[in-house]
There are 2 protein chains.
Amino acid sequence: MHVEAIRWDGERLWLLDQRRLPHEVTYLPYQLSAAVAEAIAGMVVRGAPAIGIAAAYGAVLAAREAARDLAPGDGPAWLAAMAPALDVLRRARPTAVNLGWAVGLAEDQAAQGGEEVPARLERLARYLHAQDIDANRRMGELGAALLARDSVVYTHCNAGALATGGFGTALGVIRAGFAGGRISHVYAGETRPWLQGSRLTAWELAEEGIPYSLLVDGAAAHLMKTTRLDWVIVGADRVAANGDVCNKIGTYGLAVLARHHGVRFMAVLPTSTVDMSLASGHEIPIEQRAATEVTQWAGTPVAPPGAAAINPAFDVTPADLVDAIVTERGVIERPDAGGMARLFEKEFATPRAD
Amino acid sequence: MHVEAIRWDGERLWLLDQRRLPHEVTYLPYQLSAAVAEAIAGMVVRGAPAIGIAAAYGAVLAAREAARDLAPGDGPAWLAAMAPALDVLRRARPTAVNLGWAVGLAEDQAAQGGEEVPARLERLARYLHAQDIDANRRMGELGAALLARDSVVYTHCNAGALATGGFGTALGVIRAGFAGGRISHVYAGETRPWLQGSRLTAWELAEEGIPYSLLVDGAAAHLMKTTRLDWVIVGADRVAANGDVCNKIGTYGLAVLARHHGVRFMAVLPTSTVDMSLASGHEIPIEQRAATEVTQWAGTPVAPPGAAAINPAFDVTPADLVDAIVTERGVIERPDAGGMARLFEKEFATPRAD
């Protein structure tokens with residue numbers, strides 16, 4: 001069993017505090033939906049799939065809060081009672097589509113009304129959680145099948161067990177690929193400003209015994225020019241209907257560099273990360289985070305007082321730089337609007353909770 | 001007058017401790033050539049031109065040590081007495097050509113022998129120092145002339161007054177460009193792992209009142225896609241006879257990204273940084289520094305215990321990605337071996353010290 005970012009004990013949500021990794025493995029308990037939203041905004045939990053699952057459990061807490069306060073009966077009463085808490089969850093971070101998706105599914109359940117709303121939301125959250133792990137394992141198999149034997153791969157940020165319900169998206173492919181003899185070495189970009197590569201990906205890879213080397217993000221181009229590298233493998237925070245991939249800042253640059261050096265580029269994501277309502281990546285809102293994430297280190301300034309900084313948290317990789325999008329429903333090579341649409345024609349766009 | 005990285009009081013060399021910027025402005029005194037070599041290796045002083053000048057003063061100290069120990073008379077005796085100290089200086093760092101160039105000039109002076117060797121080496125060092133500042137001002141004018149009014153530029157690492165005898169190479173162009181109304185805003189990459197962008201470039205820009213924004217290195221591609229950017233302007237640690245540019249790790253990736261986005265790319269360097277003995281950048285040795293620069297932050301681990309990392313300090317940008325090389329002798333647009341050779345035909349390859 002891999003490390004779990006998210007645990008639910010029936011009463012409380014436990015989140016592995018990812019800000020403290022790799023130094024401490026500490027789980028924080030949550031009993032209030034507003035506190036879950038705060039944990040999402042503050043990056044106790046991060047990674048698009050994990051955020052969606054945490055929000056689904058947050059909705060369970062919101063339903064219990066609503067039931068405690070006024071015992072709402074029918075659907076509209078539930079929705080009205082839960083609306084403020086669900087809005088706070090939905091707005092905790094702007095870029096990952098999974099957040100709005102999970103909250104939307106919770107609203108659909110609440111809209112049915114009745115005393116069993118909290119129990120129904122709990123079943124939904126447990127289902128989404130389990131379903132995400134299954135999806136990750138399936139993506140791992142599908143993505144690994146694209147790799148030749150002893151491939152050397154590069155990953156960015158953390159799209160591992162920590163970013164998901166378990167197993168991981170990009171790191172799921174890497175786990176499955178390594179287990180099957182298809183990966184011999186992993187390069188992991190440190191991923192400034194939050195260093196998810198150094199703190200989280202290196203930790204997951206070390207736990208699994210997968211050989212890896214960290215490097216600063218600026219060294220990726222030199223690595224591609226001087227070393228054999230076969231694939232860049234990343235996760236995603238939101239994917240548009242034309243296959244444009246929004247992911248951690250730095251991903252788009254890696255995709256340009258990969259194309260320049262003949263390295264292939266794979267994005268691995270559950271279909272819950274796809275937003276078919278957006279025609280292209282231009283419409284994806286990019287979260288701008290605080291300048292202090294760039295100008296300070298653990299509270300200590302690294303730049304002069306009052307230094308100005310821009311800090312976009314994500315970027316968008318156009319579909320034409322992507323060689324393969326791997327989802328739990330299948331692989332889209334050279335993605336475009338047609339390929340994305342065919343993937344979604346196979347069944348309903350969102351998994352059903354009952 | 002701009003900040004000085006290097007001061008000489010006739011007895012001692014004073015180096016601004018750049019490891020402590022932007023928090024403290026502290027000058028450390030040096031009276032032993034071996035200590036100067038240690039300061040170069042330990043990055044008290046950094047930047048190719050500044051390293052060359054510091055080494056030239058280090059050679060003065062080496063000559064005084066030699067004179068103190070055995071009063072050598074003729075050239076061979078001076079060379080023999082100084083050889084160990086000069087070797088230590090020359091090997092302090094492997095990539096910047098200015099180090100070997102300055103030590104070589106010092107050897108030429110020592111080879112002439114006589115009691116006045118220390119005084120002659122002092123004149124050499126003072127000359128190289130003054131000449132570097134003049135060269136920087138000239139490069140500033142020439143580089144700024146390439147910019148249209150209100151240009152927006154991006155710089156990487158620190159190629160400012162701190163990296164040179166004074167004024168700066170890339171930052172010299174930016175200073176001159178801003179003064180002349182040709183630059184409206186500067187983006188500065190933080191430049192992991194040493195953060196020269198945050199610690200040094202931001203500090204110099206703030207001191208000058210030039211508007212700037214810091215960003216993490218991985219955000220450069222997103223910036224180029226979403227903002228008007230006219231030029232990337234960088235310094236260099238060594239340039240080969242075909243115009244290939246070796247500079248701080250991350251530069252090559254910026255050059256690839258600039259070309260992809262239609263942004264122009266300028267390298268600014270004194271001719272002392274050109275190594276006409278190397279046919280191409282493939283022959284430039286790339287310094288590999290300690291993994292702990294990546295896996296630790298100010299002595300605190302940011303990766304799991306024992307994390308593996310690669311840490312190349314420089315990379316090579318092929319000449320065909322460079323739009324202009326700016327030197328104190330003139331500008332080479334679309335550099336190649338022919339253009340480089342023509343620059344050096346104009347006069348002697350190395351400035352004369354007497």
# chains A, B, ... in the order shown; residues from 1 in each chain; ligands from 1

$ closest_atom_pairs --of "chain B" --to "chain A" --cutoff "6 Å" --atoms "only C-alpha atoms" --output "tab-separated table"
residue	atom	partner	partner_atom	distance
B:Pro22	CA	A:Pro304	CA	5.5
B:Ser198	CA	A:Ala303	CA	4.8
B:Arg199	CA	A:Ala303	CA	4.9
B:Trp203	CA	A:Pro304	CA	5.7
B:Ser213	CA	A:Ala309	CA	4.5
B:Leu214	CA	A:Ala309	CA	4.2
B:Leu215	CA	A:Ile310	CA	5.5
B:Gly218	CA	A:Gly250	CA	4.1
B:Ala219	CA	A:Gly250	CA	5.5
B:Ala221	CA	A:Gly253	CA	4.9
B:His222	CA	A:Asp315	CA	5.9
B:Ile249	CA	A:Ala219	CA	5.8
B:Gly250	CA	A:Gly218	CA	4.1
B:Gly253	CA	A:Ala221	CA	4.9
B:Val302	CA	A:Arg199	CA	5.9
B:Ala303	CA	A:Ser198	CA	4.7
B:Pro304	CA	A:Pro22	CA	5.5
B:Ala308	CA	A:Ser213	CA	4.9
B:Ala309	CA	A:Leu214	CA	4.3
B:Ile310	CA	A:Leu215	CA	5.5
B:Asp315	CA	A:His222	CA	5.9

$ write_last_selection --atoms "N, CA, C and O atoms" --output "PDB file, in the first residue's frame"
ATOM      1  N   PRO B  22      20.982  39.661  -0.285  1.00  0.00           N
ATOM      2  CA  PRO B  22      20.844  41.116  -0.123  1.00  0.00           C
ATOM      3  C   PRO B  22      20.741  41.568   1.334  1.00  0.00           C
ATOM      4  O   PRO B  22      20.404  42.708   1.576  1.00  0.00           O
ATOM      5  N   SER B 198      17.380  36.597  -7.562  1.00  0.00           N
ATOM      6  CA  SER B 198      16.668  37.171  -6.416  1.00  0.00           C
ATOM      7  C   SER B 198      17.608  37.956  -5.509  1.00  0.00           C
ATOM      8  O   SER B 198      17.263  39.027  -5.024  1.00  0.00           O
ATOM      9  N   ARG B 199      18.785  37.373  -5.270  1.00  0.00           N
ATOM     10  CA  ARG B 199      19.666  37.960  -4.269  1.00  0.00           C
ATOM     11  C   ARG B 199      20.463  39.137  -4.821  1.00  0.00           C
ATOM     12  O   ARG B 199      20.683  40.122  -4.117  1.00  0.00           O
ATOM     13  N   TRP B 203      18.570  43.096  -6.272  1.00  0.00           N
ATOM     14  CA  TRP B 203      19.190  44.109  -5.408  1.00  0.00           C
ATOM     15  C   TRP B 203      19.796  45.230  -6.248  1.00  0.00           C
ATOM     16  O   TRP B 203      19.567  46.420  -5.985  1.00  0.00           O
ATOM     17  N   SER B 213      10.408  42.598 -12.098  1.00  0.00           N
ATOM     18  CA  SER B 213       9.657  41.543 -11.421  1.00  0.00           C
ATOM     19  C   SER B 213      10.503  40.278 -11.415  1.00  0.00           C
ATOM     20  O   SER B 213      11.031  39.880 -12.452  1.00  0.00           O
ATOM     21  N   LEU B 214      10.600  39.658 -10.259  1.00  0.00           N
ATOM     22  CA  LEU B 214      11.215  38.342 -10.161  1.00  0.00           C
ATOM     23  C   LEU B 214      10.217  37.275 -10.588  1.00  0.00           C
ATOM     24  O   LEU B 214       9.010  37.467 -10.496  1.00  0.00           O
ATOM     25  N   LEU B 215      10.728  36.131 -11.005  1.00  0.00           N
ATOM     26  CA  LEU B 215       9.866  34.968 -11.233  1.00  0.00           C
ATOM     27  C   LEU B 215      10.709  33.702 -11.099  1.00  0.00           C
ATOM     28  O   LEU B 215      11.934  33.770 -11.231  1.00  0.00           O
ATOM     29  N   GLY B 218      11.043  28.371 -13.956  1.00  0.00           N
ATOM     30  CA  GLY B 218      10.073  27.585 -14.708  1.00  0.00           C
ATOM     31  C   GLY B 218       8.923  28.408 -15.281  1.00  0.00           C
ATOM     32  O   GLY B 218       8.155  27.910 -16.098  1.00  0.00           O
ATOM     33  N   ALA B 219       8.804  29.662 -14.863  1.00  0.00           N
ATOM     34  CA  ALA B 219       7.698  30.498 -15.347  1.00  0.00           C
ATOM     35  C   ALA B 219       8.069  31.274 -16.609  1.00  0.00           C
ATOM     36  O   ALA B 219       7.232  31.978 -17.175  1.00  0.00           O
ATOM     37  N   ALA B 221       8.641  30.389 -19.735  1.00  0.00           N
ATOM     38  CA  ALA B 221       7.912  30.039 -20.955  1.00  0.00           C
ATOM     39  C   ALA B 221       6.503  30.624 -20.919  1.00  0.00           C
ATOM     40  O   ALA B 221       6.018  31.190 -21.911  1.00  0.00           O
ATOM     41  N   HIS B 222       5.838  30.508 -19.777  1.00  0.00           N
ATOM     42  CA  HIS B 222       4.491  31.082 -19.623  1.00  0.00           C
ATOM     43  C   HIS B 222       4.531  32.596 -19.834  1.00  0.00           C
ATOM     44  O   HIS B 222       3.661  33.174 -20.494  1.00  0.00           O
ATOM     45  N   ILE B 249      23.550  27.823 -15.767  1.00  0.00           N
ATOM     46  CA  ILE B 249      22.542  26.807 -16.069  1.00  0.00           C
ATOM     47  C   ILE B 249      21.152  27.475 -16.169  1.00  0.00           C
ATOM     48  O   ILE B 249      20.797  28.297 -15.328  1.00  0.00           O
ATOM     49  N   GLY B 250      20.423  27.103 -17.194  1.00  0.00           N
ATOM     50  CA  GLY B 250      19.120  27.707 -17.436  1.00  0.00           C
ATOM     51  C   GLY B 250      19.112  28.609 -18.660  1.00  0.00           C
ATOM     52  O   GLY B 250      18.061  28.855 -19.253  1.00  0.00           O
ATOM     53  N   GLY B 253      18.045  26.816 -22.047  1.00  0.00           N
ATOM     54  CA  GLY B 253      16.595  26.643 -22.120  1.00  0.00           C
ATOM     55  C   GLY B 253      15.899  27.950 -22.474  1.00  0.00           C
ATOM     56  O   GLY B 253      14.975  27.969 -23.290  1.00  0.00           O
ATOM     57  N   VAL B 302      15.756  19.984   1.879  1.00  0.00           N
ATOM     58  CA  VAL B 302      14.417  20.127   1.300  1.00  0.00           C
ATOM     59  C   VAL B 302      14.005  18.846   0.585  1.00  0.00           C
ATOM     60  O   VAL B 302      12.898  18.743   0.084  1.00  0.00           O
ATOM     61  N   ALA B 303      14.906  17.889   0.517  1.00  0.00           N
ATOM     62  CA  ALA B 303      14.632  16.601  -0.110  1.00  0.00           C
ATOM     63  C   ALA B 303      14.859  15.528   0.946  1.00  0.00           C
ATOM     64  O   ALA B 303      15.444  15.793   1.998  1.00  0.00           O
ATOM     65  N   PRO B 304      14.408  14.298   0.673  1.00  0.00           N
ATOM     66  CA  PRO B 304      14.594  13.246   1.673  1.00  0.00           C
ATOM     67  C   PRO B 304      16.079  12.962   1.906  1.00  0.00           C
ATOM     68  O   PRO B 304      16.903  13.249   1.040  1.00  0.00           O
ATOM     69  N   ALA B 308      19.392  11.898  -4.360  1.00  0.00           N
ATOM     70  CA  ALA B 308      20.379  12.079  -5.427  1.00  0.00           C
ATOM     71  C   ALA B 308      20.017  13.309  -6.242  1.00  0.00           C
ATOM     72  O   ALA B 308      18.841  13.590  -6.460  1.00  0.00           O
ATOM     73  N   ALA B 309      21.032  14.036  -6.703  1.00  0.00           N
ATOM     74  CA  ALA B 309      20.771  15.202  -7.555  1.00  0.00           C
ATOM     75  C   ALA B 309      21.939  15.418  -8.495  1.00  0.00           C
ATOM     76  O   ALA B 309      23.084  15.108  -8.153  1.00  0.00           O
ATOM     77  N   ILE B 310      21.637  15.920  -9.678  1.00  0.00           N
ATOM     78  CA  ILE B 310      22.679  16.410 -10.571  1.00  0.00           C
ATOM     79  C   ILE B 310      22.659  17.930 -10.489  1.00  0.00           C
ATOM     80  O   ILE B 310      21.602  18.527 -10.285  1.00  0.00           O
ATOM     81  N   ASP B 315      25.455  25.841 -18.846  1.00  0.00           N
ATOM     82  CA  ASP B 315      25.066  25.124 -20.047  1.00  0.00           C
ATOM     83  C   ASP B 315      25.565  25.908 -21.254  1.00  0.00           C
ATOM     84  O   ASP B 315      26.088  27.015 -21.108  1.00  0.00           O
TER      85      ASP B 315
END

$ residues_around --residues "segment 80-86 of chain A" --least-positions-apart "2" --cutoff "7 Å" --atoms "only C-alpha atoms" --output "list in words"
Ser33, Ala34, Ala59, Ala62, Ala63, Ala66, Pro76, Ala77, Trp78, Val88, Leu89, Arg90 and Val103 of chain A

$ write_last_selection --atoms "N, CA and C atoms" --output "PDB file, in the first residue's frame"
ATOM      1  N   SER A  33     -16.196  21.810   7.346  1.00  0.00           N
ATOM      2  CA  SER A  33     -15.969  21.974   5.910  1.00  0.00           C
ATOM      3  C   SER A  33     -15.112  23.205   5.632  1.00  0.00           C
ATOM      4  N   ALA A  34     -15.296  24.272   6.403  1.00  0.00           N
ATOM      5  CA  ALA A  34     -14.506  25.487   6.163  1.00  0.00           C
ATOM      6  C   ALA A  34     -13.021  25.228   6.398  1.00  0.00           C
ATOM      7  N   ALA A  59     -17.678  18.181   1.594  1.00  0.00           N
ATOM      8  CA  ALA A  59     -19.125  18.321   1.381  1.00  0.00           C
ATOM      9  C   ALA A  59     -19.913  17.453   2.372  1.00  0.00           C
ATOM     10  N   ALA A  62     -20.029  19.457   5.364  1.00  0.00           N
ATOM     11  CA  ALA A  62     -20.976  20.564   5.161  1.00  0.00           C
ATOM     12  C   ALA A  62     -22.414  20.081   5.349  1.00  0.00           C
ATOM     13  N   ALA A  63     -22.709  18.872   4.865  1.00  0.00           N
ATOM     14  CA  ALA A  63     -24.064  18.326   5.023  1.00  0.00           C
ATOM     15  C   ALA A  63     -24.366  18.075   6.494  1.00  0.00           C
ATOM     16  N   ALA A  66     -25.097  21.318   8.090  1.00  0.00           N
ATOM     17  CA  ALA A  66     -26.439  21.791   7.721  1.00  0.00           C
ATOM     18  C   ALA A  66     -27.506  21.030   8.510  1.00  0.00           C
ATOM     19  N   PRO A  76     -34.221  21.646  -2.154  1.00  0.00           N
ATOM     20  CA  PRO A  76     -33.891  23.078  -2.121  1.00  0.00           C
ATOM     21  C   PRO A  76     -33.436  23.545  -0.742  1.00  0.00           C
ATOM     22  N   ALA A  77     -34.035  22.986   0.311  1.00  0.00           N
ATOM     23  CA  ALA A  77     -33.616  23.383   1.660  1.00  0.00           C
ATOM     24  C   ALA A  77     -32.180  22.939   1.934  1.00  0.00           C
ATOM     25  N   TRP A  78     -31.859  21.692   1.524  1.00  0.00           N
ATOM     26  CA  TRP A  78     -30.481  21.224   1.678  1.00  0.00           C
ATOM     27  C   TRP A  78     -29.507  22.109   0.908  1.00  0.00           C
ATOM     28  N   VAL A  88     -17.496  28.035  -0.495  1.00  0.00           N
ATOM     29  CA  VAL A  88     -16.156  28.229   0.063  1.00  0.00           C
ATOM     30  C   VAL A  88     -15.229  27.100  -0.408  1.00  0.00           C
ATOM     31  N   LEU A  89     -15.738  25.875  -0.437  1.00  0.00           N
ATOM     32  CA  LEU A  89     -14.934  24.753  -0.931  1.00  0.00           C
ATOM     33  C   LEU A  89     -14.588  24.947  -2.409  1.00  0.00           C
ATOM     34  N   ARG A  90     -15.584  25.312  -3.184  1.00  0.00           N
ATOM     35  CA  ARG A  90     -15.400  25.420  -4.626  1.00  0.00           C
ATOM     36  C   ARG A  90     -14.354  26.487  -4.968  1.00  0.00           C
ATOM     37  N   VAL A 103     -17.630  19.196  -6.096  1.00  0.00           N
ATOM     38  CA  VAL A 103     -18.666  19.969  -5.399  1.00  0.00           C
ATOM     39  C   VAL A 103     -19.984  19.890  -6.184  1.00  0.00           C
TER      40      VAL A 103
END

$ residues_around --residues "Leu162 of chain A" --least-positions-apart "5" --cutoff "9 Å" --atoms "only C-alpha atoms" --output "PyMOL selection string"
chain A and resi 3-6+16+18+45-47+50+167-168+200-201+204

$ write_last_selection --atoms "N, CA, C and O atoms" --output "CSV table (one decimal), in the first residue's frame"
chain,number,residue,atom,x,y,z
A,3,VAL,N,1.6,5.4,0.3
A,3,VAL,CA,1.2,6.4,1.2
A,3,VAL,C,-0.1,7.0,0.8
A,3,VAL,O,-0.5,7.1,-0.3
A,4,GLU,N,-0.9,7.4,1.8
A,4,GLU,CA,-2.2,8.0,1.6
A,4,GLU,C,-2.2,9.5,1.9
A,4,GLU,O,-1.9,9.8,3.1
A,5,ALA,N,-2.6,10.3,1.0
A,5,ALA,CA,-2.7,11.7,1.3
A,5,ALA,C,-4.0,12.0,2.1
A,5,ALA,O,-4.1,13.0,2.8
A,6,ILE,N,-5.0,11.2,1.9
A,6,ILE,CA,-6.3,11.4,2.4
A,6,ILE,C,-6.9,10.2,3.1
A,6,ILE,O,-6.9,9.1,2.5
A,16,LEU,N,-2.8,14.3,5.2
A,16,LEU,CA,-1.3,14.3,5.4
A,16,LEU,C,-0.8,15.7,5.1
A,16,LEU,O,-1.1,16.2,4.0
A,18,GLN,N,1.2,18.0,3.6
A,18,GLN,CA,2.3,17.9,2.6
A,18,GLN,C,3.3,19.1,2.7
A,18,GLN,O,4.3,19.0,2.1
A,45,VAL,N,-3.2,19.8,1.4
A,45,VAL,CA,-3.4,18.8,0.4
A,45,VAL,C,-3.3,19.5,-0.9
A,45,VAL,O,-3.8,20.7,-1.1
A,46,ARG,N,-2.7,18.9,-1.9
A,46,ARG,CA,-2.6,19.5,-3.3
A,46,ARG,C,-2.6,18.4,-4.3
A,46,ARG,O,-2.5,17.3,-4.0
A,47,GLY,N,-2.7,18.8,-5.6
A,47,GLY,CA,-2.8,17.9,-6.6
A,47,GLY,C,-4.3,17.8,-7.0
A,47,GLY,O,-5.1,17.6,-6.1
A,50,ALA,N,-6.5,14.9,-5.7
A,50,ALA,CA,-6.6,14.8,-4.3
A,50,ALA,C,-7.5,16.0,-3.8
A,50,ALA,O,-8.3,15.8,-2.8
A,167,PHE,N,-1.7,6.0,-5.5
A,167,PHE,CA,-0.9,5.4,-6.6
A,167,PHE,C,-0.4,6.5,-7.5
A,167,PHE,O,0.8,6.5,-7.8
A,168,GLY,N,-1.2,7.5,-8.0
A,168,GLY,CA,-0.7,8.6,-8.7
A,168,GLY,C,-1.0,8.5,-10.2
A,168,GLY,O,-1.3,7.4,-10.7
A,200,LEU,N,8.3,16.0,-2.4
A,200,LEU,CA,7.2,15.0,-2.5
A,200,LEU,C,7.6,13.9,-3.5
A,200,LEU,O,7.5,12.7,-3.1
A,201,THR,N,7.9,14.2,-4.7
A,201,THR,CA,8.2,13.2,-5.7
A,201,THR,C,9.5,12.4,-5.3
A,201,THR,O,9.5,11.2,-5.4
A,204,GLU,N,8.5,10.0,-2.6
A,204,GLU,CA,7.7,8.9,-3.1
A,204,GLU,C,8.6,7.9,-3.9
A,204,GLU,O,8.5,6.7,-3.7

$ residues_around --residues "Arg264 of chain B" --least-positions-apart "6" --cutoff "7 Å" --atoms "only C-alpha atoms" --output "PyMOL selection string"
chain B and resi 230-232+258+323

$ write_last_selection --atoms "N, CA and C atoms" --output "short mmCIF file (atom, residue, chain, number, x, y, z; two decimals), in the first residue's frame"
data_model
loop_
_atom_site.label_atom_id
_atom_site.label_comp_id
_atom_site.auth_asym_id
_atom_site.auth_seq_id
_atom_site.Cartn_x
_atom_site.Cartn_y
_atom_site.Cartn_z
N ASP B 230 10.65 41.42 -25.40
CA ASP B 230 11.40 41.75 -26.62
C ASP B 230 12.76 41.04 -26.67
N TRP B 231 13.44 41.01 -25.56
CA TRP B 231 14.79 40.44 -25.56
C TRP B 231 15.04 39.64 -24.28
N VAL B 232 15.79 38.57 -24.42
CA VAL B 232 16.47 37.95 -23.29
C VAL B 232 17.91 38.47 -23.35
N ALA B 258 13.04 31.38 -26.17
CA ALA B 258 12.99 32.70 -26.83
C ALA B 258 12.77 32.51 -28.33
N ASP B 323 20.92 35.90 -31.17
CA ASP B 323 20.70 36.95 -32.17
C ASP B 323 21.83 37.96 -32.18
#

$ residues_around --residues "Gly165 of chain A" --least-positions-apart "2" --cutoff "7 Å" --atoms "only C-alpha atoms" --output "VMD selection string"
chain A and resid 6 49 to 50 53 129 132 to 133 161

$ select_by_dssp --residues "segment 148-351 of chain A" --states "strand (DSSP E)" --output "ChimeraX atom specification"
/A:151-155,183-189,212-215,231-234,238-240,245-248,264-268,274-275,296-297,300-301,314-317,324-327,330-333

$ atom_distance --atom1 "atom CA of Val322 of chain A" --atom2 "atom CA of Ile233 of chain A"
10.2 Å

$ select_by_dssp --residues "segment 241-272 of chain A" --states "alpha helix (DSSP H)" --output "tab-separated table (two decimals) with all heavy atoms, in the first residue's frame"
chain	number	residue	atom	x	y	z
A	251	THR	N	5.59	23.40	-16.74
A	251	THR	CA	5.26	22.28	-17.63
A	251	THR	C	5.32	22.70	-19.10
A	251	THR	O	5.87	21.97	-19.94
A	251	THR	CB	3.85	21.75	-17.30
A	251	THR	OG1	3.82	21.35	-15.92
A	251	THR	CG2	3.50	20.56	-18.18
A	252	TYR	N	4.75	23.87	-19.40
A	252	TYR	CA	4.71	24.32	-20.79
A	252	TYR	C	6.14	24.47	-21.35
A	252	TYR	O	6.44	24.04	-22.47
A	252	TYR	CB	3.94	25.65	-20.87
A	252	TYR	CG	4.13	26.38	-22.17
A	252	TYR	CD1	3.82	25.77	-23.39
A	252	TYR	CD2	4.62	27.69	-22.20
A	252	TYR	CE1	4.01	26.45	-24.58
A	252	TYR	CE2	4.80	28.37	-23.39
A	252	TYR	CZ	4.50	27.74	-24.58
A	252	TYR	OH	4.71	28.40	-25.76
A	253	GLY	N	7.03	25.04	-20.55
A	253	GLY	CA	8.42	25.16	-21.01
A	253	GLY	C	9.04	23.80	-21.27
A	253	GLY	O	9.76	23.61	-22.27
A	254	LEU	N	8.77	22.83	-20.41
A	254	LEU	CA	9.29	21.48	-20.63
A	254	LEU	C	8.76	20.90	-21.94
A	254	LEU	O	9.49	20.21	-22.66
A	254	LEU	CB	8.88	20.56	-19.47
A	254	LEU	CG	9.61	20.79	-18.15
A	254	LEU	CD1	8.93	20.01	-17.03
A	254	LEU	CD2	11.08	20.37	-18.28
A	255	ALA	N	7.50	21.18	-22.26
A	255	ALA	CA	6.91	20.64	-23.49
A	255	ALA	C	7.60	21.25	-24.72
A	255	ALA	O	7.89	20.54	-25.69
A	255	ALA	CB	5.41	20.92	-23.52
A	256	VAL	N	7.87	22.56	-24.67
A	256	VAL	CA	8.58	23.21	-25.79
A	256	VAL	C	9.98	22.60	-25.93
A	256	VAL	O	10.43	22.26	-27.03
A	256	VAL	CB	8.67	24.73	-25.58
A	256	VAL	CG1	9.55	25.38	-26.65
A	256	VAL	CG2	7.28	25.37	-25.57
A	257	LEU	N	10.67	22.46	-24.81
A	257	LEU	CA	12.03	21.91	-24.82
A	257	LEU	C	12.02	20.45	-25.29
A	257	LEU	O	12.92	20.02	-26.02
A	257	LEU	CB	12.66	22.02	-23.43
A	257	LEU	CG	12.91	23.45	-22.94
A	257	LEU	CD1	13.33	23.43	-21.47
A	257	LEU	CD2	13.96	24.14	-23.79
A	258	ALA	N	11.02	19.70	-24.85
A	258	ALA	CA	10.94	18.29	-25.25
A	258	ALA	C	10.79	18.19	-26.77
A	258	ALA	O	11.50	17.43	-27.44
A	258	ALA	CB	9.76	17.61	-24.55
A	259	ARG	N	9.90	18.98	-27.33
A	259	ARG	CA	9.70	18.94	-28.78
A	259	ARG	C	11.00	19.32	-29.50
A	259	ARG	O	11.40	18.68	-30.49
A	259	ARG	CB	8.55	19.89	-29.16
A	259	ARG	CG	8.20	19.95	-30.63
A	259	ARG	CD	7.80	18.59	-31.23
A	259	ARG	NE	6.71	17.92	-30.55
A	259	ARG	CZ	5.42	18.05	-30.83
A	259	ARG	NH1	5.03	18.85	-31.79
A	259	ARG	NH2	4.51	17.37	-30.15
A	260	HIS	N	11.68	20.34	-28.99
A	260	HIS	CA	12.94	20.80	-29.61
A	260	HIS	C	14.00	19.70	-29.62
A	260	HIS	O	14.83	19.64	-30.51
A	260	HIS	CB	13.46	22.02	-28.84
A	260	HIS	CG	14.69	22.64	-29.42
A	260	HIS	ND1	14.66	23.55	-30.45
A	260	HIS	CD2	16.01	22.49	-29.12
A	260	HIS	CE1	15.89	23.93	-30.77
A	260	HIS	NE2	16.72	23.30	-29.96
A	261	HIS	N	13.97	18.84	-28.59
A	261	HIS	CA	15.02	17.81	-28.45
A	261	HIS	C	14.55	16.42	-28.86
A	261	HIS	O	15.26	15.44	-28.63
A	261	HIS	CB	15.51	17.77	-27.00
A	261	HIS	CG	16.26	19.01	-26.59
A	261	HIS	ND1	15.63	20.10	-26.03
A	261	HIS	CD2	17.57	19.35	-26.68
A	261	HIS	CE1	16.52	21.05	-25.78
A	261	HIS	NE2	17.70	20.63	-26.16

$ closest_residue --among "B:Arg238, B:Arg120, B:Arg19, B:Arg91" --to "Arg64 of chain B" --atoms "only C-alpha atoms"
B:Arg120

$ residues_around --residues "Pro335 of chain A" --least-positions-apart "3" --cutoff "7 Å" --atoms "only C-alpha atoms" --output "PyMOL selection string"
chain A and resi 243+319+322+324-325+332+339-340

$ closest_residue --among "B:Val274, B:Leu229, B:Ala92, B:Ala110" --to "Asp150 of chain B" --atoms "only C-alpha atoms"
B:Leu229

$ closest_residue --among "A:Phe178, A:Trp194, A:Trp101, A:Tyr154" --to "Val234 of chain A" --atoms "only C-alpha atoms"
A:Tyr154

$ closest_residue --among "A:Leu15, A:Leu343, A:Leu147, A:Ala179" --to "Phe265 of chain A" --atoms "only C-alpha atoms"
A:Leu147

$ residues_around --residues "segment 114-117 of chain B" --least-positions-apart "4" --cutoff "10 Å" --atoms "only C-alpha atoms" --output "PyMOL selection string"
chain B and resi 60+63-64+67+71-75+77-78+106+109-110+121-123

$ atom_distance --atom1 "atom CA of Ala290 of chain B" --atom2 "atom CA of Glu24 of chain B"
24.8 Å

$ atom_distance --atom1 "atom CA of Ser272 of chain B" --atom2 "atom CA of Asp244 of chain B"
14.9 Å
